[in-house]
Structures are given as structure tokens and as C-alpha cells.
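Asker: Before I ask anything, here is the structure I am working with.
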Amino acid sequence: MTHLHRTVTQVIEPQFVIEGAGVLLRRSFGPQRANPFDPFLLFDHFAFNDPIEGPIVGFPTHPHRGIETVTYMLEGKVRHRDSLGNMGIIGPGDVQWMTSGSGIMHEEMPRRGPNGQVNGFQLWVNLPARQKMGSPRYQEVIAGDIPAVEQDGAKVRVVAGEFGDAKGPVTEIAAKPLYMDVTLEPSAQFGLEVVAGHSLVAYIFEGQGLFGMDENGQGELIEAVHMAVFGDGNRVRVQAGNGSGVRFMLVAGAPFKEPVVPYGPFVMNSEEEIRQALSDLRNGTFVKEKLVE
Ligand code: CO
């Protein structure tokens, strides 16, 4: 196969925003009608590294409809509880891939790890129109069940998609995602086939490296903390800086090319569907599948 190398078309400086009950986040992008990262709607990095930030609040009970939320933890934990009666802890290295479908109400409360830190990511993935009102579903995978491939100075944790012989445990997602946590030792290289036409971003959170290298080895030097957005092609290449190494989340998926109407925690295809979600909330008919006591 001819390789069309994906080059970097945009470097995003994440903006600090406050969400939930006062959680400080680094947001690379949020839901927009223009939907430039289709099928992805939002990418947040929550990191609390300084005790002067005070007590960790969190995300008290809130609804979601029409999307998937993906929580991946590096350090610390998120305690999770929802309207279906699910309850659990997302710990370091764990992932929760939550498909809200027609609706869930949940709370997400971070807890510091032993060294006083909370560090993790939340990605929102769109659902196609035909699945927006489907049944809620969870795929929760503990750290030990996420394959970690180590080769040539690269360590790749594969949550979704394939790298070498490893297949990510999260499957049957409409967006056909790749979701990987990649660590490269100084000067190590990483290459991966990515389906042409799929959206691709990398979130660089440690070190620095050359991203989107072409056939001549030219790429864009990007340091933490930034998001790289890639143009089209069927292969992506990265090389870690020689002094630093680099660590990044790599996220790709198939665009749905449908209208996007975001409203807070809902993302639907039309304003009428947003009005319906709000009226369902008012009327107590939002959650179609009730809490199991
Ligand atoms: Co939520």
C-alpha cells in the first residue's frame, strides 16, 4: 500500500475552563455545530497537581443524551454512579467507555491518588442518528486488561483499535475509533496505519517530539501540553525528542457527516431533538431505563 503520511495541520493550545461544580480543565475542543473533529465532540484533560487548588469537587448528577463519554485515568480515581444502578471506580490506567444512548443521569467524582494528584482525560464521541436514542451501555476495562505493546522504545496501551498484534478491548463503537496511550523513549519512533478519511488528533501531555513526519522525516516539533490535528492520509509517524521522550493520546475515528446540535450535555441532530431532551428532563421521562435498586 502506498503511504500517504498525515501531516500536522493545526496545533491547539488547550484553554482552561471550569466545568461541573468548579473543576478546572484543559479543553482542547468542545461541542460545536461546525463539528471540525467529527466524530469527536470534546477533549478535556483534568489534572490537579497543586494542593492550593483546594478540595476536589467534581461533576454532581447530570444527564447525557446522544453521545459517548470516554474517561481514561492516569493518576487518581473517578468514582462513578448512574441512573441505571451502576457504580464503580475508574482507577489509574482504567477506561470507561460510556454510551449514553437515549439518556443516563450520572455523577463523576474525582479522588486524588496517593501522591496527591488527579490526572486523566475525557473524550466525547458522537453517536450516529440511528443510535442516539438507543439503550445506554458501558464498557469498563481495568488497567490489567488493556494490552500494552512494547517494541523499539515505544510503549502503546491499546484501548480501542489495533497496534501490531494487540487489539483494544473496547469494541463495537459506531465511530470505529482508535484510542491509544503512547509513550516513546528519547528518539524512538512510532508509526501506525490510520484509515484515510478518518479524523486524527494527538494530545501531547509529556515531553516533546516530531509529529506528522512525512516520507522525508520532516515533521512539526510539538511539546506538551498541546493537541496536534492531522490532515488526511493513511499513516501517521511520530519521533520522540532526543532529550525528552514523549507521551501522547492518539485518537482517530470515522466521521458521521450528520448535522450536530449541541446543548450542554446533549448532542443531537436537530433543535427539535434538543427541545425533546429538555422536556423529557422536566417531565421526568428522560431516563428510559430506570434505576435498579
Ligand atoms: Co458526564
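Quick note on naming: the chains in the C-alpha cells go A, B, ... in the order shown, residues restart at 1 in each chain, and ligands are numbered from 1 in order of appearance.
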Could you report the residues within 7 Å of ligand 1, using only C-alpha atoms and all ligand atoms, as an NGL selection string?
Answerer: :A and (62-64 or 69 or 106-108)
Asker: Skipping near chain neighbours, those fewer than 5 positions away, what residues fall within 6 Å of range 44-47 of chain A using only C-alpha atoms, listed as a ChimeraX atom specification?
Answerer: /A:25-27,118-122
Asker: Against range 6-23 of chain A, which residues of range 193-250 of chain A fall within 7 Å? For each one I want the closest pair of atoms and the distance in Å (one decimal), counting only C-alpha atoms, rows by chain and increasing residue number, as a tab-separated table.
Answerer:
```
residue	atom	partner	partner_atom	distance
A:Phe211	CA	A:Val8	CA	6.8
A:Gly212	CA	A:Thr7	CA	4.1
A:Met213	CA	A:Thr7	CA	6.3
A:Asp214	CA	A:Thr7	CA	6.7
A:Glu220	CA	A:Val8	CA	6.8
A:His226	CA	A:Glu13	CA	5.3
A:Met227	CA	A:Ile12	CA	4.9
A:Ala228	CA	A:Val11	CA	4.7
A:Val229	CA	A:Gln10	CA	5.1
A:Phe230	CA	A:Val8	CA	4.4
A:Gly231	CA	A:Arg6	CA	5.4
A:Asp232	CA	A:Arg6	CA	5.5
A:Gly233	CA	A:Arg6	CA	4.8
A:Asn234	CA	A:Arg6	CA	6.9
A:Arg235	CA	A:Arg6	CA	6.0
A:Val236	CA	A:Arg6	CA	5.3
```
Asker: Distance CA of Arg282 in chain A-CA of Ile67 in chain A, one decimal place?
Answerer: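 Between CA of Arg282 in chain A and CA of Ile67 in chain A the gap is 20.1 Å.
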Asker: Can you list, as an MDAnalysis selection string, every protein, DNA or RNA residue that comes within 10 Å of Leu41 in chain A when you count only C-alpha atoms, leaving out same-chain residues fewer than 4 positions away?
Answerer: chainID A and resid 29:33 35:37 67:69 123:126 260 262 267
Asker: Residues of the last selection are to be written out with C-alpha atoms, as a CSV table (one decimal), in the first residue's frame.
Answerer:
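Writing done, so here's result_4.csv:
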```csv
chain,number,residue,atom,x,y,z
A,29,PHE,CA,-12.1,21.5,21.9
A,30,GLY,CA,-15.8,21.4,22.8
A,31,PRO,CA,-19.0,20.6,21.0
A,32,GLN,CA,-19.7,22.9,18.0
A,33,ARG,CA,-22.2,22.9,15.2
A,35,ASN,CA,-18.1,19.8,14.1
A,36,PRO,CA,-14.5,20.1,12.8
A,37,PHE,CA,-13.3,16.9,14.6
A,67,ILE,CA,-23.1,10.8,22.8
A,68,GLU,CA,-20.4,8.5,24.3
A,69,THR,CA,-18.1,9.7,27.1
A,123,LEU,CA,-13.3,12.4,25.3
A,124,TRP,CA,-16.9,12.8,23.9
A,125,VAL,CA,-17.6,10.7,20.8
A,126,ASN,CA,-20.7,11.3,18.8
A,260,VAL,CA,-24.7,18.4,15.1
A,262,PRO,CA,-25.0,20.6,20.9
A,267,VAL,CA,-25.7,16.4,21.3
```
Asker: Quick one: contact table of range 3-121 of chain A to range 169-190 of chain A, 10 Å max, nearest atom pair and distance in Å to one decimal per residue, counting only C-alpha atoms, chain and number order, as JSON lines?
Answerer:
```
{"residue": "A:Asp38", "atom": "CA", "partner": "A:Ala175", "partner_atom": "CA", "distance": 9.2}
{"residue": "A:Pro39", "atom": "CA", "partner": "A:Ala175", "partner_atom": "CA", "distance": 6.4}
{"residue": "A:Phe40", "atom": "CA", "partner": "A:Ala175", "partner_atom": "CA", "distance": 8.7}
{"residue": "A:Glu68", "atom": "CA", "partner": "A:Ile173", "partner_atom": "CA", "distance": 9.2}
{"residue": "A:Val70", "atom": "CA", "partner": "A:Tyr179", "partner_atom": "CA", "distance": 9.8}
{"residue": "A:Tyr72", "atom": "CA", "partner": "A:Asp181", "partner_atom": "CA", "distance": 9.5}
{"residue": "A:Leu74", "atom": "CA", "partner": "A:Asp181", "partner_atom": "CA", "distance": 9.9}
{"residue": "A:Gly93", "atom": "CA", "partner": "A:Asp181", "partner_atom": "CA", "distance": 9.6}
{"residue": "A:Val95", "atom": "CA", "partner": "A:Val170", "partner_atom": "CA", "distance": 9.0}
{"residue": "A:Gln96", "atom": "CA", "partner": "A:Val170", "partner_atom": "CA", "distance": 9.2}
{"residue": "A:Trp97", "atom": "CA", "partner": "A:Val170", "partner_atom": "CA", "distance": 7.5}
{"residue": "A:Thr99", "atom": "CA", "partner": "A:Ile173", "partner_atom": "CA", "distance": 8.9}
```
Asker: Using only C-alpha atoms, find the one residue out of A:Met249, A:Ala129, A:Ala202, A:Ile90 that sits nearest to Val261 in chain A.
Answerer: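 Distance minimum relative to Val261 in chain A lands on A:Ala129.
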Asker: Which is closest to His198 in chain A among A:Ile146, A:Lys257, A:Gly164, A:Lys155, if we use only C-alpha atoms?
Answerer: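 Using only C-alpha atoms, the shortest distance to His198 in chain A belongs to A:Lys257.
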Asker: Please measure the separation of CA of Leu278 in chain A and CA of Thr61 in chain A, giving the value in Å to one decimal.
Answerer: 15.5 Å
Asker: Which residue gives the smallest distance to His5 in chain A among A:Glu206, A:Glu271, A:Glu193, A:Asp145, with only C-alpha atoms counted?
Answerer: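 Checking each candidate against His5 in chain A, we get A:Glu193 as the closest.
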Asker: At a cut-off of 12 Å, using only C-alpha atoms, what residues contact His80 in chain A? Leave out same-chain residues fewer than 3 positions from it and give the result as a ChimeraX atom specification.
Answerer: /A:58-62,71,77,83-91,96,98,105-111,138,140
